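Structure file upload_35.txt (compact mmCIF, C-alpha atoms) follows.
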```
# COMPACT_ATOMS: atom_id res chain seq x y z
CA MET A 808 -27.44 4.27 -7.39
CA VAL A 809 -24.16 2.33 -7.42
CA PRO A 810 -21.93 5.43 -7.06
CA VAL A 811 -23.92 6.53 -4.00
CA PHE A 812 -23.48 3.14 -2.35
CA PHE A 813 -19.82 3.08 -3.34
CA ALA A 814 -19.25 6.49 -1.75
CA TYR A 815 -21.00 5.38 1.45
CA PHE A 816 -19.16 2.06 1.77
CA ALA A 817 -15.78 3.57 0.86
CA LEU A 818 -16.09 6.52 3.25
CA VAL A 819 -17.33 4.46 6.18
CA SER A 820 -14.71 1.75 5.68
CA ILE A 821 -11.90 4.32 5.59
CA VAL A 822 -13.22 6.10 8.69
CA ALA A 823 -13.63 2.75 10.49
CA GLY A 824 -10.08 1.77 9.51
CA VAL A 825 -8.68 5.01 10.90
CA LEU A 826 -10.72 4.56 14.09
CA THR A 827 -9.42 0.99 14.48
CA VAL A 828 -5.90 2.31 14.48
CA ALA A 829 -6.57 5.49 16.47
CA LEU A 830 -8.97 4.56 19.31
CA ARG A 831 -7.52 3.96 22.77
CA ASN A 832 -9.77 1.26 24.18
CA PRO A 833 -9.00 -2.09 22.48
CA VAL A 834 -12.67 -3.17 22.60
CA HIS A 835 -13.70 -0.01 20.74
CA CYS A 836 -10.99 -0.83 18.18
CA GLY A 837 -12.59 -4.26 17.74
CA ILE A 838 -16.01 -2.70 17.13
CA ALA A 839 -14.50 -0.28 14.59
CA LEU A 840 -12.86 -3.26 12.86
CA LEU A 841 -16.30 -4.92 12.72
CA ALA A 842 -17.71 -1.84 10.94
CA LEU A 843 -14.76 -1.91 8.52
CA LEU A 844 -15.30 -5.60 7.68
CA GLY A 845 -19.03 -5.10 7.12
CA HIS A 846 -18.53 -2.18 4.77
CA VAL A 847 -15.76 -3.92 2.82
CA ALA A 848 -18.29 -6.76 2.36
CA GLY A 849 -20.64 -4.12 0.92
CA LEU A 850 -17.91 -3.12 -1.55
CA PHE A 851 -17.59 -6.80 -2.51
CA VAL A 852 -21.31 -6.88 -3.33
CA LEU A 853 -20.89 -3.82 -5.55
CA LEU A 854 -18.10 -5.72 -7.34
CA HIS A 855 -20.46 -8.71 -7.98
CA ALA A 856 -18.58 -10.95 -5.53
CA GLU A 857 -21.65 -11.96 -3.51
CA PHE A 858 -20.21 -15.25 -2.26
CA LEU A 859 -17.08 -13.51 -1.03
CA ALA A 860 -19.19 -10.88 0.75
CA ALA A 861 -21.05 -13.66 2.61
CA VAL A 862 -17.75 -15.37 3.47
CA GLN A 863 -16.37 -12.06 4.69
CA ILE A 864 -19.33 -11.56 7.04
CA ILE A 865 -19.44 -15.16 8.28
CA ILE A 866 -15.72 -15.86 8.70
CA TYR A 867 -14.18 -12.44 9.30
CA ALA A 868 -16.89 -10.73 11.31
CA GLY A 869 -18.39 -13.91 12.74
CA ALA A 870 -15.32 -15.96 13.62
CA ILE A 871 -12.06 -14.01 13.54
CA LEU A 872 -13.38 -10.85 15.16
CA ILE A 873 -15.16 -12.83 17.88
CA LEU A 874 -11.83 -14.58 18.55
CA TYR A 875 -10.19 -11.17 18.99
CA LEU A 876 -12.95 -9.96 21.32
CA PHE A 877 -12.75 -13.18 23.35
CA VAL A 878 -9.01 -12.72 23.89
CA LEU A 879 -9.52 -9.03 24.74
CA MET A 880 -12.06 -9.90 27.41
CA LEU A 881 -9.98 -12.86 28.64
CA LEU A 882 -6.93 -10.68 29.19
CA ASN A 883 -8.93 -7.77 30.63
CA LEU A 884 -6.60 -5.15 29.19
CA LYS A 885 -6.61 -1.69 30.60
CA THR A 886 -6.60 1.32 28.33
CA GLU A 887 -3.00 2.26 27.79
CA GLU A 888 -1.64 5.58 28.87
CA ARG A 889 0.73 6.07 25.99
CA VAL A 890 -0.85 4.72 22.85
CA LEU A 891 1.75 5.58 20.25
CA HIS A 892 5.43 5.06 19.86
CA ARG A 893 6.55 8.63 20.26
CA ARG A 894 9.79 7.99 18.41
CA HIS A 895 7.98 6.41 15.48
CA ALA A 896 5.15 8.94 15.15
CA TRP A 897 7.08 10.58 12.32
CA TYR A 898 6.33 7.53 10.20
CA ILE A 899 2.79 8.90 9.78
CA VAL A 900 4.03 12.00 7.96
CA GLY A 901 6.31 10.09 5.60
CA VAL A 902 3.79 7.36 4.90
CA SER A 903 1.00 9.86 4.15
CA GLY A 904 3.24 11.71 1.72
CA VAL A 905 4.06 8.51 -0.16
CA THR A 906 0.36 7.57 -0.16
CA VAL A 907 -0.73 10.84 -1.78
CA GLU A 908 1.92 10.30 -4.44
CA PHE A 909 0.73 6.73 -5.06
CA LEU A 910 -2.95 7.77 -5.11
CA LEU A 911 -2.23 10.32 -7.84
CA LEU A 912 -0.43 7.58 -9.80
CA LEU A 913 -3.24 5.07 -9.24
CA LEU A 914 -6.02 7.44 -10.28
CA ALA A 915 -4.15 8.36 -13.47
CA SER A 916 -3.43 4.78 -14.55
CA SER A 917 -5.34 3.19 -17.42
CA TYR A 918 -5.66 -0.38 -16.01
CA ALA A 919 -5.67 -2.01 -19.42
CA GLY A 920 -5.22 -5.77 -19.55
CA ALA A 921 -6.34 -9.00 -21.17
CA LYS A 922 -9.92 -9.84 -20.19
CA GLY A 923 -10.79 -13.27 -18.83
CA GLU A 924 -13.71 -15.52 -19.66
CA ALA A 925 -15.90 -14.90 -16.59
CA THR A 926 -17.96 -12.04 -17.99
CA ALA A 927 -20.85 -10.72 -15.93
CA ALA A 928 -23.37 -12.53 -18.16
CA ALA A 929 -21.48 -15.85 -17.99
CA VAL A 930 -21.29 -15.73 -14.19
CA GLU A 931 -24.91 -14.63 -13.88
CA GLU A 932 -26.02 -17.70 -15.81
CA VAL A 933 -24.81 -20.21 -13.20
CA GLY A 934 -24.59 -17.92 -10.17
CA ASN A 935 -21.57 -16.54 -8.38
CA SER A 936 -21.15 -19.34 -5.80
CA THR A 937 -21.46 -22.07 -8.43
CA ALA A 938 -18.91 -20.41 -10.70
CA ILE A 939 -16.44 -20.03 -7.82
CA GLY A 940 -17.07 -23.59 -6.63
CA ILE A 941 -16.47 -25.12 -10.05
CA LEU A 942 -13.22 -23.19 -10.44
CA MET A 943 -12.11 -23.88 -6.87
CA PHE A 944 -12.56 -27.64 -7.10
CA SER A 945 -11.02 -28.01 -10.56
CA GLU A 946 -8.26 -25.57 -11.34
CA TYR A 947 -7.46 -24.53 -7.77
CA LEU A 948 -7.87 -27.93 -6.10
CA LEU A 949 -4.24 -28.23 -4.98
CA PRO A 950 -4.08 -24.76 -3.32
CA PHE A 951 -7.44 -25.55 -1.69
CA GLU A 952 -6.05 -28.76 -0.14
CA ILE A 953 -2.88 -26.96 0.94
CA VAL A 954 -4.97 -24.30 2.69
CA GLY A 955 -6.86 -27.09 4.46
CA VAL A 956 -3.61 -28.59 5.77
CA PHE A 957 -2.42 -25.11 6.73
CA LEU A 958 -5.56 -24.48 8.78
CA LEU A 959 -5.12 -27.84 10.53
CA GLY A 960 -1.55 -26.88 11.37
CA ALA A 961 -2.71 -23.48 12.68
CA ILE A 962 -5.34 -25.13 14.91
CA VAL A 963 -2.83 -27.62 16.35
CA GLY A 964 -0.26 -24.86 16.80
CA ALA A 965 -2.71 -22.59 18.61
CA ILE A 966 -3.78 -25.42 20.95
CA VAL A 967 -0.18 -26.41 21.73
CA LEU A 968 0.80 -22.78 22.35
CA ALA A 969 -2.13 -21.82 24.55
CA LYS A 970 -2.30 -25.09 26.55
CA THR A 971 -1.76 -24.64 30.28
CA PRO A 972 1.60 -26.32 31.02
CA THR A 973 1.25 -29.33 33.32
CA GLN A 974 3.78 -30.36 35.95
CA ALA A 975 5.31 -32.88 33.53
CA ASP A 976 5.88 -30.17 30.93
CA LEU A 977 7.70 -27.96 33.42
CA ASP A 978 10.00 -30.74 34.77
CA PRO A 979 13.41 -30.23 33.12
CA ARG A 980 14.39 -33.91 33.57
CA LEU A 981 11.66 -35.12 31.21
CA MET B 1446 -20.41 2.31 -12.98
CA VAL B 1447 -17.57 3.20 -10.62
CA PRO B 1448 -14.12 3.10 -12.26
CA ILE B 1449 -11.67 0.58 -10.84
CA SER B 1450 -9.18 3.29 -9.91
CA PHE B 1451 -11.53 4.39 -7.10
CA TYR B 1452 -11.58 0.90 -5.63
CA VAL B 1453 -7.79 0.72 -5.89
CA ALA B 1454 -7.54 4.11 -4.17
CA VAL B 1455 -9.78 2.97 -1.29
CA SER B 1456 -7.70 -0.18 -1.00
CA ALA B 1457 -4.46 1.82 -0.93
CA ILE B 1458 -5.79 4.13 1.80
CA LEU B 1459 -6.91 1.15 3.90
CA PHE B 1460 -3.56 -0.57 3.43
CA VAL B 1461 -1.65 2.53 4.53
CA THR B 1462 -3.95 2.88 7.56
CA GLY B 1463 -3.11 -0.68 8.58
CA LEU B 1464 0.60 -0.11 7.94
CA VAL B 1465 0.61 2.98 10.15
CA GLY B 1466 -1.22 0.98 12.83
CA VAL B 1467 1.42 -1.75 12.75
CA LEU B 1468 4.21 0.81 12.97
CA VAL B 1469 2.92 3.17 15.66
CA ARG B 1470 0.60 1.22 17.99
CA ARG B 1471 2.01 -0.38 21.11
CA ASN B 1472 -0.70 -2.90 21.94
CA PHE B 1473 -0.01 -6.33 20.41
CA ILE B 1474 -3.70 -7.05 19.76
CA ILE B 1475 -4.21 -3.75 17.94
CA VAL B 1476 -1.13 -4.53 15.85
CA LEU B 1477 -2.77 -7.82 14.81
CA MET B 1478 -6.01 -5.94 14.00
CA SER B 1479 -4.01 -3.56 11.81
CA VAL B 1480 -2.63 -6.60 9.96
CA GLU B 1481 -6.25 -7.65 9.36
CA ILE B 1482 -6.97 -4.21 7.85
CA MET B 1483 -4.02 -4.66 5.49
CA LEU B 1484 -5.24 -8.13 4.46
CA ASN B 1485 -8.70 -6.67 3.81
CA ALA B 1486 -7.20 -3.96 1.62
CA ALA B 1487 -5.38 -6.64 -0.39
CA ASN B 1488 -8.65 -8.58 -0.72
CA LEU B 1489 -10.47 -5.50 -1.99
CA ASN B 1490 -7.76 -5.00 -4.59
CA LEU B 1491 -7.98 -8.64 -5.71
CA VAL B 1492 -11.76 -8.53 -6.05
CA ALA B 1493 -11.72 -5.16 -7.83
CA PHE B 1494 -9.30 -6.49 -10.45
CA ALA B 1495 -11.25 -9.75 -10.72
CA HIS B 1496 -14.31 -7.66 -11.62
CA HIS B 1497 -12.40 -5.36 -13.95
CA LEU B 1498 -10.58 -8.13 -15.85
CA GLU B 1499 -13.63 -10.46 -15.85
CA SER B 1500 -11.84 -13.37 -14.26
CA LEU B 1501 -12.74 -15.30 -11.11
CA ALA B 1502 -9.12 -16.02 -10.12
CA GLY B 1503 -8.97 -12.89 -7.96
CA GLN B 1504 -12.02 -13.92 -5.94
CA ILE B 1505 -10.53 -17.38 -5.32
CA MET B 1506 -7.27 -15.82 -4.14
CA ALA B 1507 -9.27 -13.55 -1.83
CA LEU B 1508 -10.89 -16.65 -0.31
CA PHE B 1509 -7.43 -18.12 0.32
CA VAL B 1510 -6.33 -14.84 1.91
CA ILE B 1511 -9.31 -15.04 4.29
CA ALA B 1512 -8.29 -18.60 5.26
CA ILE B 1513 -4.69 -17.51 5.88
CA ALA B 1514 -5.96 -14.58 7.98
CA ALA B 1515 -7.96 -17.00 10.13
CA GLY B 1516 -4.85 -19.09 10.79
CA GLU B 1517 -2.78 -16.00 11.51
CA ALA B 1518 -5.35 -14.70 14.00
CA ALA B 1519 -5.54 -18.06 15.82
CA VAL B 1520 -1.76 -18.46 16.19
CA GLY B 1521 -1.17 -14.77 16.96
CA LEU B 1522 -3.79 -14.70 19.71
CA ALA B 1523 -2.40 -17.95 21.18
CA ILE B 1524 1.03 -16.28 21.34
CA ILE B 1525 -0.56 -13.25 23.06
CA ILE B 1526 -2.15 -15.52 25.68
CA VAL B 1527 1.18 -17.26 26.35
CA VAL B 1528 3.02 -13.94 26.64
CA PHE B 1529 0.36 -12.52 28.95
CA ARG B 1530 0.43 -15.63 31.15
CA GLY B 1531 4.15 -15.02 31.74
CA LYS B 1532 3.12 -11.68 33.32
CA ILE B 1533 4.68 -9.71 30.50
CA ALA B 1534 2.54 -6.85 29.24
CA THR B 1535 0.89 -6.99 25.80
CA ASN B 1536 3.03 -4.04 24.84
CA VAL B 1537 5.19 -4.81 21.83
CA ASP B 1538 8.09 -2.75 23.20
CA GLN B 1539 8.50 -5.10 26.14
CA ILE B 1540 8.44 -8.26 24.05
CA ASN B 1541 11.98 -8.16 22.71
CA LEU B 1542 13.37 -11.56 23.68
CA LEU B 1543 12.67 -14.89 22.03
CA LYS B 1544 13.76 -16.87 25.09
CA TRP B 1545 15.00 -16.17 28.59
```
Written form, structure tokens:
Amino acid sequence: MVPVFFAYFALVSIVAGVLTVALRNPVHCGIALLALLGHVAGLFVLLHAEFLAAVQIIIYAGAILILYLFVLMLLNLKTEERVLHRRHAWYIVGVSGVTVEFLLLLLASSYAGAKGEATAAAVEEVGNSTAIGILMFSEYLLPFEIVGVFLLGAIVGAIVLAKTPTQADLDPRL
Amino acid sequence: MVPISFYVAVSAILFVTGLVGVLVRRNFIIVLMSVEIMLNAANLNLVAFAHHLESLAGQIMALFVIAIAAGEAAVGLAIIIVVFRGKIATNVDQINLLKW
């Protein structure tokens, strides 16, 4: 059953990714991105990363994508006449050639490596979220705090950038 | 059991799709969406290797990547709003000055 689900999620996420890049109307691109995020979350479930799949749905599809759609509707963009950089369209040919080369390399690789301690049985015993939480708040505590400060900085930066300038801000003497 | 090379291949295809989007699209918002596709491809790679190598470090890194993506989206969209308020189009070709 897993290969069937993998094929479905992989195919739909690739098609949705291509549609996100190729569609003309920005709102349609946002909807295609939503399909991509949902199906990548499905791939996460197949990889036994259930907590990450939930986070992907809640934060990516629920928060980030809604932010994008809000800005799209706020700006009321019209569909563009010329979608692509005509000069740069040749990039597609070169990049696809390199990709095929890399795909052949990737599929032929052995992916050997030292195994860690979080075997499927060990994670199953406590549950995926618990295992991630214990690791996050012990070994990765410092990066976690740094990400918290980073998010605070991003929030303040976004508010300062998008604030409507008042008369005092525009006065060059102040 | 799906071999990890398939996941890595899907991730590579998604990453290239996002890269092409960044290079060829003209709309600033679509360019940011393409960056999100690339970040998702990186996440898929991290989680696939976390599963393959039986370590949770990859999943934790993927969580951090999601947090960074949220910050990037917030600041990027704020910049788009500022640029649009100045009556400049959201076309990346026309945004070629830092200050005027």
Within 12 Å of Ile1513 in chain B using all atoms listed in the file, minus same-chain residues under 4 positions, as a list of chain:residue names
A:Ile866, A:Tyr867, A:Ile871, A:Pro950, A:Phe951, A:Ile953, A:Val954, A:Gly955, A:Val956, A:Phe957, A:Leu958, A:Leu959, A:Gly960, A:Ala961, A:Ile962, B:Val1480, B:Glu1481, B:Leu1484, B:Asn1485, B:Asn1488, B:Met1506, B:Ala1507, B:Leu1508, B:Phe1509, B:Glu1517, B:Ala1518, B:Ala1519, B:Val1520, B:Gly1521
For each of B:Ser1456, B:Gln1539, B:Ser1500, B:Asn1490, take the minimum atom-to-atom distance to chain A, counting all atoms listed in the file, then give the residue where this is smallest.
B:Ser1500
Which residues of chain A are close to chain B, meaning at most 7 Å apart when you count only C-alpha atoms, and how do they look as a count of residues only?
36
Just how far from CA of Ala856 in chain A is CA of Ala927 in chain A, in Å to one decimal?
10.6 Å
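Among the candidates A:Val933, A:Ala823, A:Leu942, A:Ala868, the one nearest to His835 in chain A when counting all atoms listed in the file is A:Ala823.
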Interatomic distance between CA of Leu876 in chain A and CA of Ile838 in chain A?
8.9 Å
Between CA of Leu850 in chain A and CA of Thr827 in chain A, distance in Å (one decimal):
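Computing the Euclidean distance for CA of Leu850 in chain A and CA of Thr827 in chain A yields 18.6 Å.
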Take chain B from the preceding structure and save C-alpha atoms as a tab-separated table (two decimals), in the first residue's frame.
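Resulting contents of selection-v5.tsv:
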```tsv
chain	number	residue	atom	x	y	z
B	1446	MET	CA	9.08	-0.03	1.45
B	1447	VAL	CA	10.02	2.79	-0.91
B	1448	PRO	CA	13.79	3.27	-1.31
B	1449	ILE	CA	15.19	6.61	-0.19
B	1450	SER	CA	16.51	7.40	-3.66
B	1451	PHE	CA	12.92	7.94	-4.84
B	1452	TYR	CA	12.29	10.50	-2.12
B	1453	VAL	CA	15.57	12.23	-2.98
B	1454	ALA	CA	14.57	12.25	-6.66
B	1455	VAL	CA	11.17	13.84	-5.86
B	1456	SER	CA	12.95	16.40	-3.70
B	1457	ALA	CA	15.43	17.19	-6.49
B	1458	ILE	CA	12.63	17.67	-9.03
B	1459	LEU	CA	10.74	19.98	-6.65
B	1460	PHE	CA	13.89	21.97	-5.93
B	1461	VAL	CA	14.61	22.45	-9.63
B	1462	THR	CA	10.99	23.49	-10.22
B	1463	GLY	CA	11.36	26.18	-7.56
B	1464	LEU	CA	14.73	27.26	-8.95
B	1465	VAL	CA	13.27	27.66	-12.44
B	1466	GLY	CA	10.40	29.66	-10.92
B	1467	VAL	CA	12.80	32.04	-9.20
B	1468	LEU	CA	14.79	32.49	-12.40
B	1469	VAL	CA	12.05	32.93	-14.99
B	1470	ARG	CA	8.96	34.40	-13.26
B	1471	ARG	CA	8.48	38.15	-13.19
B	1472	ASN	CA	5.96	38.51	-10.38
B	1473	PHE	CA	7.64	39.11	-7.01
B	1474	ILE	CA	5.02	37.12	-5.07
B	1475	ILE	CA	5.40	34.09	-7.35
B	1476	VAL	CA	9.16	34.33	-6.90
B	1477	LEU	CA	8.64	34.10	-3.12
B	1478	MET	CA	6.29	31.12	-3.63
B	1479	SER	CA	9.01	29.42	-5.68
B	1480	VAL	CA	11.40	29.95	-2.77
B	1481	GLU	CA	8.84	28.16	-0.58
B	1482	ILE	CA	8.85	25.22	-3.01
B	1483	MET	CA	12.64	25.04	-2.73
B	1484	LEU	CA	12.47	25.11	1.08
B	1485	ASN	CA	9.88	22.30	0.97
B	1486	ALA	CA	12.16	20.23	-1.24
B	1487	ALA	CA	14.98	20.71	1.27
B	1488	ASN	CA	12.62	19.66	4.08
B	1489	LEU	CA	11.62	16.51	2.22
B	1490	ASN	CA	15.28	15.64	1.79
B	1491	LEU	CA	15.99	16.20	5.49
B	1492	VAL	CA	13.06	14.05	6.59
B	1493	ALA	CA	13.86	11.29	4.09
B	1494	PHE	CA	17.42	11.02	5.39
B	1495	ALA	CA	16.21	11.23	9.00
B	1496	HIS	CA	14.05	8.18	8.28
B	1497	HIS	CA	16.77	6.36	6.36
B	1498	LEU	CA	19.54	6.96	8.93
B	1499	GLU	CA	17.20	6.44	11.92
B	1500	SER	CA	17.98	9.75	13.55
B	1501	LEU	CA	15.60	12.53	14.57
B	1502	ALA	CA	18.07	15.36	13.87
B	1503	GLY	CA	16.75	15.77	10.32
B	1504	GLN	CA	13.18	16.26	11.52
B	1505	ILE	CA	14.30	18.91	14.03
B	1506	MET	CA	16.20	20.75	11.30
B	1507	ALA	CA	13.10	20.59	9.11
B	1508	LEU	CA	11.13	22.27	11.92
B	1509	PHE	CA	13.72	25.06	12.05
B	1510	VAL	CA	13.50	25.44	8.26
B	1511	ILE	CA	9.72	25.88	8.58
B	1512	ALA	CA	10.26	28.62	11.20
B	1513	ILE	CA	12.80	30.40	8.97
B	1514	ALA	CA	10.36	30.15	6.04
B	1515	ALA	CA	7.67	31.83	8.15
B	1516	GLY	CA	10.01	34.73	8.94
B	1517	GLU	CA	11.08	35.00	5.31
B	1518	ALA	CA	7.47	35.10	4.11
B	1519	ALA	CA	6.53	37.82	6.64
B	1520	VAL	CA	9.45	40.11	5.79
B	1521	GLY	CA	9.24	39.45	2.04
B	1522	LEU	CA	5.53	40.24	1.89
B	1523	ALA	CA	6.08	43.40	3.97
B	1524	ILE	CA	8.68	44.50	1.41
B	1525	ILE	CA	6.19	43.78	-1.40
B	1526	ILE	CA	3.56	45.96	0.31
B	1527	VAL	CA	6.05	48.83	0.71
B	1528	VAL	CA	7.16	48.56	-2.93
B	1529	PHE	CA	3.57	48.43	-4.15
B	1530	ARG	CA	2.61	51.45	-2.04
B	1531	GLY	CA	5.29	53.46	-3.86
B	1532	LYS	CA	3.31	52.77	-7.07
B	1533	ILE	CA	6.05	50.55	-8.43
B	1534	ALA	CA	4.79	47.34	-10.01
B	1535	THR	CA	5.39	43.96	-8.34
B	1536	ASN	CA	7.47	43.03	-11.34
B	1537	VAL	CA	11.01	42.11	-10.33
B	1538	ASP	CA	12.47	43.71	-13.47
B	1539	GLN	CA	11.31	47.15	-12.37
B	1540	ILE	CA	12.67	46.84	-8.85
B	1541	ASN	CA	16.34	47.50	-9.56
B	1542	LEU	CA	17.18	50.35	-7.18
B	1543	LEU	CA	17.77	50.14	-3.45
B	1544	LYS	CA	17.08	53.84	-2.93
B	1545	TRP	CA	16.08	56.83	-5.01
```
